[in-house]
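Participant: Pasting protein-v9.txt below, which is compact mmCIF, C-alpha atoms and all ligand atoms.
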```
# COMPACT_ATOMS: atom_id res chain seq x y z
CA MET A 1 17.49 77.98 1.59
CA SER A 2 21.02 79.15 0.82
CA PRO A 3 22.82 76.70 -1.50
CA LYS A 4 25.97 76.40 0.61
CA PRO A 5 26.00 74.18 3.69
CA PRO A 6 26.66 76.48 6.63
CA THR A 7 29.13 74.16 8.32
CA ASN A 8 30.50 70.70 8.59
CA VAL A 9 30.97 68.84 11.84
CA ARG A 10 34.70 68.20 11.51
CA ASP A 11 35.52 71.18 13.68
CA VAL A 12 33.56 69.85 16.62
CA ASP A 13 35.58 68.93 19.69
CA LEU A 14 34.34 65.39 20.32
CA GLU A 15 36.01 65.27 23.73
CA LYS A 16 34.15 68.25 25.16
CA PRO A 17 30.54 67.61 26.24
CA ASN A 18 28.17 70.14 24.71
CA ALA A 19 24.89 71.36 26.21
CA ALA A 20 22.97 71.32 22.90
CA ARG A 21 23.93 67.72 22.22
CA MET A 22 23.20 66.68 25.82
CA TYR A 23 19.74 68.21 25.42
CA ASP A 24 19.34 66.15 22.24
CA TYR A 25 20.29 63.06 24.25
CA TYR A 26 17.72 63.87 26.97
CA LEU A 27 15.06 64.09 24.27
CA GLY A 28 16.02 60.70 22.86
CA GLY A 29 17.83 62.12 19.81
CA SER A 30 20.81 60.55 18.08
CA HIS A 31 22.93 63.61 17.30
CA ASN A 32 25.20 63.33 20.33
CA PHE A 33 28.63 61.87 21.05
CA GLU A 34 30.20 59.66 23.70
CA SER A 35 31.45 62.62 25.75
CA ASP A 36 27.93 64.16 25.74
CA ARG A 37 26.31 60.88 26.80
CA GLU A 38 28.87 60.28 29.56
CA LEU A 39 28.29 63.66 31.18
CA ALA A 40 24.51 63.40 30.62
CA ALA A 41 24.55 60.05 32.45
CA GLN A 42 26.34 61.67 35.39
CA VAL A 43 23.79 64.48 35.38
CA GLU A 44 20.99 61.91 35.48
CA GLN A 45 22.59 60.36 38.56
CA VAL A 46 22.38 63.60 40.54
CA ALA A 47 19.22 64.96 38.90
CA PRO A 48 17.12 62.00 37.71
CA PHE A 49 14.47 64.41 36.44
CA VAL A 50 16.73 66.08 33.87
CA LYS A 51 15.00 64.46 30.87
CA ASP A 52 11.72 65.85 32.16
CA ILE A 53 13.18 69.37 32.12
CA ALA A 54 13.78 68.96 28.38
CA ARG A 55 10.38 67.37 27.71
CA ILE A 56 8.49 70.03 29.65
CA ASN A 57 10.31 72.77 27.76
CA ARG A 58 9.59 71.16 24.36
CA ALA A 59 5.93 70.70 25.23
CA TRP A 60 5.73 74.38 26.23
CA LEU A 61 7.33 75.43 22.95
CA ARG A 62 4.79 73.39 20.97
CA ARG A 63 1.90 75.04 22.85
CA VAL A 64 3.43 78.46 22.24
CA VAL A 65 3.71 77.84 18.50
CA ASP A 66 0.09 76.66 18.40
CA HIS A 67 -1.01 79.75 20.28
CA LEU A 68 0.92 82.14 18.05
CA MET A 69 -0.39 80.41 14.92
CA ALA A 70 -3.90 80.93 16.31
CA GLN A 71 -3.05 84.65 16.70
CA GLY A 72 -2.15 84.81 13.01
CA ILE A 73 1.65 84.74 13.31
CA ARG A 74 3.15 83.26 10.14
CA GLN A 75 6.86 83.97 10.61
CA PHE A 76 9.08 82.75 13.43
CA LEU A 77 12.62 83.61 14.43
CA ASP A 78 13.76 80.78 16.69
CA LEU A 79 16.86 81.79 18.66
CA GLY A 80 18.92 78.92 20.08
CA SER A 81 16.83 76.43 18.13
CA GLY A 82 18.98 73.41 18.94
CA ILE A 83 19.34 70.06 17.22
CA PRO A 84 16.27 69.17 15.17
CA THR A 85 14.07 66.71 16.97
CA ALA A 86 10.46 65.59 16.75
CA GLY A 87 7.96 68.42 16.85
CA ASN A 88 10.26 71.16 15.55
CA VAL A 89 8.83 74.63 15.20
CA HIS A 90 8.59 74.44 11.39
CA GLU A 91 6.83 71.07 11.54
CA GLN A 92 4.35 72.26 14.10
CA ALA A 93 3.69 75.54 12.27
CA GLN A 94 3.78 74.37 8.65
CA ARG A 95 1.42 71.50 9.45
CA GLN A 96 -1.13 74.24 10.14
CA ASP A 97 -0.04 76.55 7.31
CA PRO A 98 2.70 75.38 4.92
CA ALA A 99 3.44 78.99 3.98
CA THR A 100 4.66 79.78 7.52
CA ARG A 101 8.28 80.91 7.49
CA VAL A 102 10.77 79.79 10.11
CA VAL A 103 14.35 80.93 10.66
CA TYR A 104 16.33 78.83 13.11
CA VAL A 105 19.44 80.29 14.72
CA ASP A 106 22.09 78.36 16.62
CA TYR A 107 25.85 78.48 17.06
CA GLU A 108 26.45 74.80 17.72
CA ALA A 109 27.92 73.11 14.62
CA VAL A 110 26.05 69.79 14.93
CA ALA A 111 22.73 71.55 15.46
CA VAL A 112 23.29 73.75 12.41
CA HIS A 113 24.53 70.90 10.24
CA HIS A 114 21.51 68.70 10.95
CA SER A 115 19.10 71.61 10.63
CA PHE A 116 20.58 72.38 7.24
CA GLU A 117 20.18 68.77 6.09
CA LEU A 118 16.62 68.63 7.34
CA LEU A 119 15.61 71.91 5.72
CA LYS A 120 17.46 71.86 2.42
CA ASP A 121 14.26 71.18 0.44
CA ASN A 122 12.06 73.45 2.51
CA GLU A 123 11.76 76.85 0.84
CA ASN A 124 10.07 78.39 3.88
CA ALA A 125 12.48 77.34 6.61
CA THR A 126 16.17 77.91 7.04
CA VAL A 127 18.97 77.89 9.57
CA VAL A 128 21.41 80.65 10.37
CA TRP A 129 24.73 79.74 11.96
CA ALA A 130 25.30 82.63 14.34
CA ASP A 131 25.79 83.65 17.92
CA VAL A 132 22.58 85.25 19.19
CA ARG A 133 24.70 87.59 21.33
CA ASN A 134 25.31 89.47 18.08
CA PRO A 135 21.77 90.53 17.19
CA ARG A 136 22.87 92.52 14.14
CA THR A 137 24.54 89.48 12.61
CA VAL A 138 21.33 87.50 13.06
CA LEU A 139 18.91 90.24 12.04
CA GLU A 140 20.88 91.30 8.99
CA HIS A 141 21.77 87.81 7.81
CA GLU A 142 20.66 87.24 4.23
CA GLU A 143 18.63 84.17 5.18
CA THR A 144 16.84 86.06 7.95
CA ARG A 145 16.07 88.87 5.51
CA ARG A 146 14.91 86.38 2.88
CA LEU A 147 12.25 84.81 5.08
CA ILE A 148 11.32 87.36 7.74
CA ASP A 149 9.44 90.50 6.77
CA PHE A 150 10.12 92.89 9.63
CA THR A 151 7.16 95.08 8.67
CA GLN A 152 4.85 92.20 9.70
CA PRO A 153 4.40 90.67 13.18
CA VAL A 154 7.06 88.13 14.10
CA GLY A 155 7.02 85.27 16.58
CA LEU A 156 10.35 85.56 18.41
CA LEU A 157 11.19 82.33 20.22
CA CYS A 158 13.82 82.07 22.98
CA ALA A 159 13.09 78.62 24.38
CA GLY A 160 15.71 77.23 26.71
CA LEU A 161 18.27 79.73 25.45
CA LEU A 162 18.82 82.49 27.98
CA LEU A 163 19.84 80.06 30.74
CA PHE A 164 23.09 79.73 28.76
CA ILE A 165 23.68 83.47 28.48
CA GLY A 166 25.55 84.97 31.41
CA ASP A 167 24.67 88.33 32.92
CA GLU A 168 27.83 89.80 31.40
CA TYR A 169 26.11 89.57 28.00
CA GLY A 170 23.02 91.40 29.26
CA PRO A 171 20.11 89.07 28.41
CA GLU A 172 17.66 91.94 28.90
CA GLY A 173 19.46 94.10 26.34
CA LEU A 174 19.70 91.20 23.91
CA VAL A 175 15.97 90.52 24.10
CA ALA A 176 15.34 94.24 23.64
CA ALA A 177 17.50 94.35 20.52
CA TYR A 178 15.46 91.58 18.89
CA ARG A 179 12.19 93.03 20.19
CA ASP A 180 12.97 96.43 18.72
CA ALA A 181 13.56 94.89 15.29
CA CYS A 182 9.99 93.53 15.30
CA PRO A 183 6.86 95.61 14.75
CA ALA A 184 3.89 96.06 17.09
CA GLY A 185 1.80 92.91 17.22
CA SER A 186 4.88 90.69 17.37
CA TYR A 187 5.27 88.18 20.18
CA ILE A 188 8.27 87.24 22.32
CA ALA A 189 8.26 83.83 23.96
CA ILE A 190 10.87 83.02 26.60
CA SER A 191 11.38 79.91 28.69
CA THR A 192 14.28 79.61 31.06
CA MET A 193 15.49 77.95 34.23
CA SER A 194 14.69 79.10 37.75
CA GLN A 195 14.76 77.52 41.18
CA ASP A 196 12.46 80.03 42.89
CA GLU A 197 9.72 77.43 43.46
CA ALA A 198 11.90 74.37 43.92
CA ASP A 199 11.79 72.41 47.17
CA PRO A 200 15.09 71.93 49.08
CA GLU A 201 15.79 68.48 47.66
CA THR A 202 15.21 69.62 44.07
CA ARG A 203 17.46 72.64 44.69
CA GLU A 204 20.18 70.40 45.99
CA ARG A 205 19.91 68.16 42.95
CA LEU A 206 19.93 71.18 40.68
CA ALA A 207 23.11 72.40 42.38
CA GLY A 208 24.71 69.05 41.47
CA LEU A 209 23.53 69.46 37.87
CA LEU A 210 24.94 72.98 37.63
CA LYS A 211 28.27 71.78 38.98
CA LEU A 212 28.47 69.04 36.36
CA TYR A 213 27.69 71.49 33.57
CA GLU A 214 30.92 73.27 34.46
CA MET A 215 32.56 70.38 32.58
CA ALA A 216 30.54 71.11 29.45
CA ASP A 217 31.28 73.94 27.08
CA GLU A 218 28.38 76.00 28.41
CA ARG A 219 27.35 76.85 31.92
CA ILE A 220 23.77 77.26 33.13
CA TYR A 221 22.45 80.36 34.90
CA PRO A 222 19.10 79.95 36.70
CA ARG A 223 17.33 83.30 37.19
CA ASP A 224 14.77 84.57 39.67
CA LYS A 225 11.26 85.32 38.50
CA GLU A 226 11.67 89.07 38.82
CA THR A 227 14.70 89.05 36.52
CA ILE A 228 12.91 86.92 33.95
CA ALA A 229 9.89 89.24 34.09
CA SER A 230 12.18 92.19 33.32
CA TRP A 231 13.09 90.60 29.99
CA PHE A 232 9.51 91.19 28.81
CA ALA A 233 9.79 94.98 29.02
CA GLY A 234 7.87 96.69 26.22
CA THR A 235 5.38 93.85 25.88
CA ASP A 236 2.02 92.92 27.40
CA LEU A 237 2.07 89.41 28.80
CA VAL A 238 -0.43 87.03 27.30
CA ASP A 239 -2.64 85.25 29.83
CA PRO A 240 -1.62 83.51 32.19
CA GLY A 241 1.54 85.63 32.40
CA LEU A 242 4.88 84.35 33.67
CA VAL A 243 4.27 80.93 35.21
CA LEU A 244 5.89 77.53 35.63
CA LEU A 245 6.11 76.04 32.14
CA HIS A 246 3.60 73.26 32.68
CA GLN A 247 1.05 75.83 33.87
CA TRP A 248 1.22 77.88 30.68
CA ARG A 249 -1.93 77.08 28.68
CA PRO A 250 -1.76 73.35 29.44
CA ASP A 251 -3.38 70.87 27.09
CA ARG A 252 -6.88 69.92 28.12
CA ALA A 253 -8.93 66.82 27.51
CA ALA A 254 -12.13 67.15 25.45
CA ASP A 255 -14.14 67.60 28.66
CA GLY A 256 -11.91 70.53 29.67
CA SER A 257 -10.17 68.66 32.47
CA LEU A 258 -6.47 68.93 33.06
CA ALA A 259 -4.54 65.71 32.90
CA TRP A 260 -0.84 66.36 33.34
CA PRO A 261 1.36 63.94 31.42
CA ARG A 262 3.55 62.03 33.87
CA HIS A 263 6.67 64.04 33.13
CA GLU A 264 4.80 67.18 34.16
CA GLU A 265 4.35 65.77 37.66
CA SER A 266 8.12 65.46 38.00
CA PRO A 267 10.20 67.82 40.22
CA ALA A 268 11.39 69.25 36.88
CA ARG A 269 8.12 71.15 36.63
CA LEU A 270 9.39 73.45 39.40
CA LEU A 271 12.50 74.48 37.51
CA GLY A 272 11.34 76.51 34.54
CA TYR A 273 9.31 79.64 33.90
CA GLY A 274 7.84 80.74 30.61
CA ALA A 275 5.76 83.55 29.22
CA VAL A 276 4.73 85.16 25.97
CA GLY A 277 4.65 88.94 25.59
CA ARG A 278 2.91 90.86 22.82
CA ARG A 279 4.72 93.92 21.58
CA ALA A 280 2.50 96.89 22.21
C1 LIG A 301 18.50 73.72 25.54
S1 LIG A 301 18.71 74.01 23.83
C2 LIG A 301 17.08 74.58 23.41
C3 LIG A 301 16.64 74.13 22.05
C4 LIG A 301 15.24 74.57 21.66
N1 LIG A 301 15.12 76.02 21.62
C5 LIG A 301 14.20 74.03 22.61
O1 LIG A 301 13.68 74.81 23.42
O2 LIG A 301 13.91 72.84 22.59
C6 LIG A 301 19.64 75.55 23.80
C7 LIG A 301 20.25 75.87 22.46
O3 LIG A 301 20.74 77.22 22.48
C8 LIG A 301 21.94 77.25 21.76
N2 LIG A 301 22.70 78.43 22.19
C9 LIG A 301 23.18 78.71 23.42
N3 LIG A 301 23.84 79.88 23.41
C10 LIG A 301 23.77 80.36 22.13
C11 LIG A 301 24.27 81.51 21.49
N4 LIG A 301 24.97 82.44 22.18
N5 LIG A 301 24.02 81.68 20.18
C12 LIG A 301 23.31 80.74 19.48
N6 LIG A 301 22.82 79.61 20.04
C13 LIG A 301 23.05 79.42 21.36
C14 LIG A 301 22.62 75.94 22.09
O4 LIG A 301 23.61 75.61 21.11
C15 LIG A 301 21.44 75.00 22.10
O5 LIG A 301 21.24 74.42 20.83
```
Output the file's structure as structure tokens, nothing else.
Ligand SMILES: C[S@@+](CC[C@H](N)C(=O)[O-])C[C@H]1O[C@@H](n2cnc3c(N)ncnc32)[C@H](O)[C@@H]1O

Facilitator:
Amino acid sequence: MSPKPPTNVRDVDLEKPNAARMYDYYLGGSHNFESDRELAAQVEQVAPFVKDIARINRAWLRRVVDHLMAQGIRQFLDLGSGIPTAGNVHEQAQRQDPATRVVYVDYEAVAVHHSFELLKDNENATVVWADVRNPRTVLEHEETRRLIDFTQPVGLLCAGLLLFIGDEYGPEGLVAAYRDACPAGSYIAISTMSQDEADPETRERLAGLLKLYEMADERIYPRDKETIASWFAGTDLVDPGLVLLHQWRPDRAADGSLAWPRHEESPARLLGYGAVGRRA
């Protein structure tokens, strides 16, 4: 990867809770600060299932990577990749084929710093410090160009990202910009937050969570299913389509039975949709 570290963490405002670092905390990571943990603890008070939201999303992302590897995808552009934690995309993919190339993109300094440290000896994985709302910056970045061959199918990952992108930035247009840079046979995977299927109590708790996130440096925007479906324009949805995350190609026991892990029985399972579209 590029010889110069993309950032250092001295510029980080330690007083301001940050959504990426709170997510790291929910997943049991150690790259978070006192302010992140304090707000995360308050969130847990009003929405005790918040850690399950993160776990369900990560489990979905792992299943997506496995599925795309099985379809022959060997290059991934992971937008809003977050702070490295167990089961990262490059680990999951390169375990199956070490030649798989992975470009992580995030704009949060701690996430980028730790990704850089983790990947500095990995020739096939890199991190780009950029705001995904500027697709040209991401797509034309020298590291992206070094590892992604845009004449070959790409696995475009937007896991837990678009819930942080307000309508004023046009999530649909952003997805389209990345989609259009990728050739036919590429896949777009999106998971994001929704309360369409939540029961009244879970909705109320989610409202408390959203309110608390107003104190962090990013707000959260749940979307309805129809809006999320519109982000897959220009693709054919892979079976089973756009569904609650835990319902998307769930892991099965050897006898074919479904045994949800405990966190997938949590109210959190009602709060996220995901799908994978194949570019026609
Ligand atoms: C909830 S985490 C998801 C991490 C990982 N994709 C996953 O699914 O486990 C969302 C990440 O998106 C990043 N993010 C949010 N808005 C972004 C933007 N405009 N540009 C780049 N990264 C962004 C945050 O910094 C954070 O690391």

Participant: Do you have the CA of Gly80 (chain A)-CA of Gly241 (chain A) distance handy?

Facilitator: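 Between CA of Gly80 (chain A) and CA of Gly241 (chain A) the gap works out to 22.3 Å.
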
Participant: Counting only C-alpha atoms and all ligand atoms, what residues are within 8 Å of ligand LIG 301 (chain A), given as a ChimeraX atom specification?

Facilitator: /A:18-21,23,54,57-58,61,78-83,105-108,111,129-133,157-162,164-165,191,218

Participant: Show me, as a list of chain:residue names, the residues that have an atom within 10 Å of region 215-217 of chain A when counting all atoms listed in the file, minus same-chain residues fewer than 2 positions from it.

Facilitator: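 The residues that qualify are A:Asp13, A:Glu15, A:Lys16, A:Pro17, A:Asn18, A:Ala19, A:Ala20, A:Met22, A:Ser35, A:Asp36, A:Leu39, A:Ala40, A:Leu210, A:Lys211, A:Leu212, A:Tyr213, A:Arg219, A:Ile220.
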
Participant: Given the choices A:Leu206, A:Ala233, A:Ile190, A:Tyr221, which gets closest to Tyr273 (chain A) if the distance is worked out from only C-alpha atoms?

Facilitator: A:Ile190

Participant: Which one is closest to Arg136 (chain A): A:Ala280, A:Leu118, A:Leu174, A:Leu163? Count all atoms listed in the file.

Facilitator: A:Leu174

Participant: Write out as number ranges by chain which residues come within 10 Å of Gln45 (chain A) when counting all atoms listed in the file, dropping same-chain ones fewer than 4 positions away.

Facilitator: A: 39-41, 49-50, 205, 208-209

Participant: Would you save the residues of that selection, restricted to C-alpha atoms, as a compact mmCIF listing (two decimals), keeping the file's coordinate frame?

Facilitator:
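See result_38.txt below for the written result:
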```txt
# COMPACT_ATOMS: atom_id res chain seq x y z
CA LEU A 39 28.29 63.66 31.18
CA ALA A 40 24.51 63.40 30.62
CA ALA A 41 24.55 60.05 32.45
CA PHE A 49 14.47 64.41 36.44
CA VAL A 50 16.73 66.08 33.87
CA ARG A 205 19.91 68.16 42.95
CA GLY A 208 24.71 69.05 41.47
CA LEU A 209 23.53 69.46 37.87
```

Participant: I'd like the contact shell of Ile73 (chain A) - 8 Å cut-off, all atoms listed in the file, skipping same-chain residues fewer than 6 positions apart - returned as a PyMOL selection string.

Facilitator: chain A and resi 153-155+186

Participant: Using all atoms listed in the file, which of A:Gly87, A:Gly185, A:Pro267, A:Gly29 sits nearest Val65 (chain A)?

Facilitator: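 Ranking A:Gly87, A:Gly185, A:Pro267, A:Gly29 by distance to Val65 (chain A), first place goes to A:Gly87.
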
Participant: Centre and edge lengths, as AutoDock Vina command-line options, for the axis-aligned box enclosing every listed atom of region 202-214 of chain A with 3 Å of padding on each of the six sides, in Å to one decimal?

Facilitator:
```
--center_x 23.1 --center_y 70.7 --center_z 39.8 --size_x 21.7 --size_y 11.1 --size_z 18.4
```

Participant: Grab the CA of Ala229 (chain A) to CA of Glu172 (chain A) distance for me, in Å with one decimal place.

Facilitator: 9.7 Å

Participant: To one decimal in Å, tell me the separation between CA of Val238 (chain A) and CA of Gly277 (chain A).

Facilitator: 5.7 Å

Participant: For Ser115 (chain A), find every residue with an atom within 9 Å (counting all atoms listed in the file), except residues of its own chain fewer than 4 positions away, and show them as a list in words.

Facilitator: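 Close residues of Ser115 (chain A): Gly82, Ile83, Pro84, Tyr104, Val110, Ala111, Leu119, Lys120, Thr126 and Val127 of chain A.
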
Participant: Nearest to Arg101 (chain A) among A:His263, A:Arg146, A:Arg278, A:Arg223, with distances taken over all atoms listed in the file: which residue is it?

Facilitator: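 Going through A:His263, A:Arg146, A:Arg278, A:Arg223 one by one, the smallest distance to Arg101 (chain A) is for A:Arg146.
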
Participant: Considering only C-alpha atoms, state which residue in the set A:Ala125, A:Met69, A:Ala99, A:Leu156 is at the smallest distance from Tyr178 (chain A).

Facilitator: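 With only C-alpha atoms as the atom set, the closest residue is A:Leu156.
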
Participant: Which residues are close to Ser194 (chain A), i.e. within 8 Å by only C-alpha atoms, leaving aside same-chain residues fewer than 3 positions away? Reply as a list in words.

Facilitator: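 My reading of the contact set: Glu197, Pro222, Arg223, Asp224, Lys225, Leu270, Leu271, Gly272 and Tyr273 of chain A.
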
Participant: A:Val243, A:Ile228, A:Leu77, A:Ala177: which is nearest Leu147 (chain A), counting all atoms listed in the file?

Facilitator: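 Nearest to Leu147 (chain A): A:Leu77.
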
Participant: Output as an mmCIF file, in the frame of the given file: region 266-279 of chain A, completed with N, CA and C atoms.

Facilitator:
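Just written: selection.cif:
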```cif
data_model
loop_
_atom_site.group_PDB
_atom_site.id
_atom_site.type_symbol
_atom_site.label_atom_id
_atom_site.label_comp_id
_atom_site.auth_asym_id
_atom_site.auth_seq_id
_atom_site.Cartn_x
_atom_site.Cartn_y
_atom_site.Cartn_z
ATOM 1 N N SER A 266 6.764 65.648 37.506
ATOM 2 C CA SER A 266 8.120 65.460 38.000
ATOM 3 C C SER A 266 8.613 66.732 38.717
ATOM 4 N N PRO A 267 9.634 66.615 39.594
ATOM 5 C CA PRO A 267 10.200 67.820 40.220
ATOM 6 C C PRO A 267 10.672 68.836 39.170
ATOM 7 N N ALA A 268 10.928 68.356 37.951
ATOM 8 C CA ALA A 268 11.390 69.250 36.880
ATOM 9 C C ALA A 268 10.402 70.373 36.598
ATOM 10 N N ARG A 269 9.136 70.129 36.930
ATOM 11 C CA ARG A 269 8.120 71.150 36.630
ATOM 12 C C ARG A 269 8.356 72.424 37.437
ATOM 13 N N LEU A 270 9.145 72.298 38.530
ATOM 14 C CA LEU A 270 9.390 73.450 39.400
ATOM 15 C C LEU A 270 10.591 74.276 38.960
ATOM 16 N N LEU A 271 11.198 73.879 37.850
ATOM 17 C CA LEU A 271 12.500 74.480 37.510
ATOM 18 C C LEU A 271 12.482 75.377 36.277
ATOM 19 N N GLY A 272 11.314 75.647 35.730
ATOM 20 C CA GLY A 272 11.340 76.510 34.540
ATOM 21 C C GLY A 272 10.137 77.425 34.473
ATOM 22 N N TYR A 273 10.399 78.684 34.130
ATOM 23 C CA TYR A 273 9.310 79.640 33.900
ATOM 24 C C TYR A 273 9.214 79.933 32.410
ATOM 25 N N GLY A 274 8.009 80.321 32.000
ATOM 26 C CA GLY A 274 7.840 80.740 30.610
ATOM 27 C C GLY A 274 6.725 81.752 30.504
ATOM 28 N N ALA A 275 6.822 82.573 29.497
ATOM 29 C CA ALA A 275 5.760 83.550 29.220
ATOM 30 C C ALA A 275 5.850 83.963 27.766
ATOM 31 N N VAL A 276 4.780 84.589 27.314
ATOM 32 C CA VAL A 276 4.730 85.160 25.970
ATOM 33 C C VAL A 276 4.264 86.601 26.115
ATOM 34 N N GLY A 277 5.029 87.517 25.551
ATOM 35 C CA GLY A 277 4.650 88.940 25.590
ATOM 36 C C GLY A 277 4.316 89.426 24.194
ATOM 37 N N ARG A 278 3.285 90.286 24.122
ATOM 38 C CA ARG A 278 2.910 90.860 22.820
ATOM 39 C C ARG A 278 3.428 92.282 22.755
ATOM 40 N N ARG A 279 4.163 92.579 21.714
ATOM 41 C CA ARG A 279 4.720 93.920 21.580
ATOM 42 C C ARG A 279 3.604 94.930 21.353
#
```
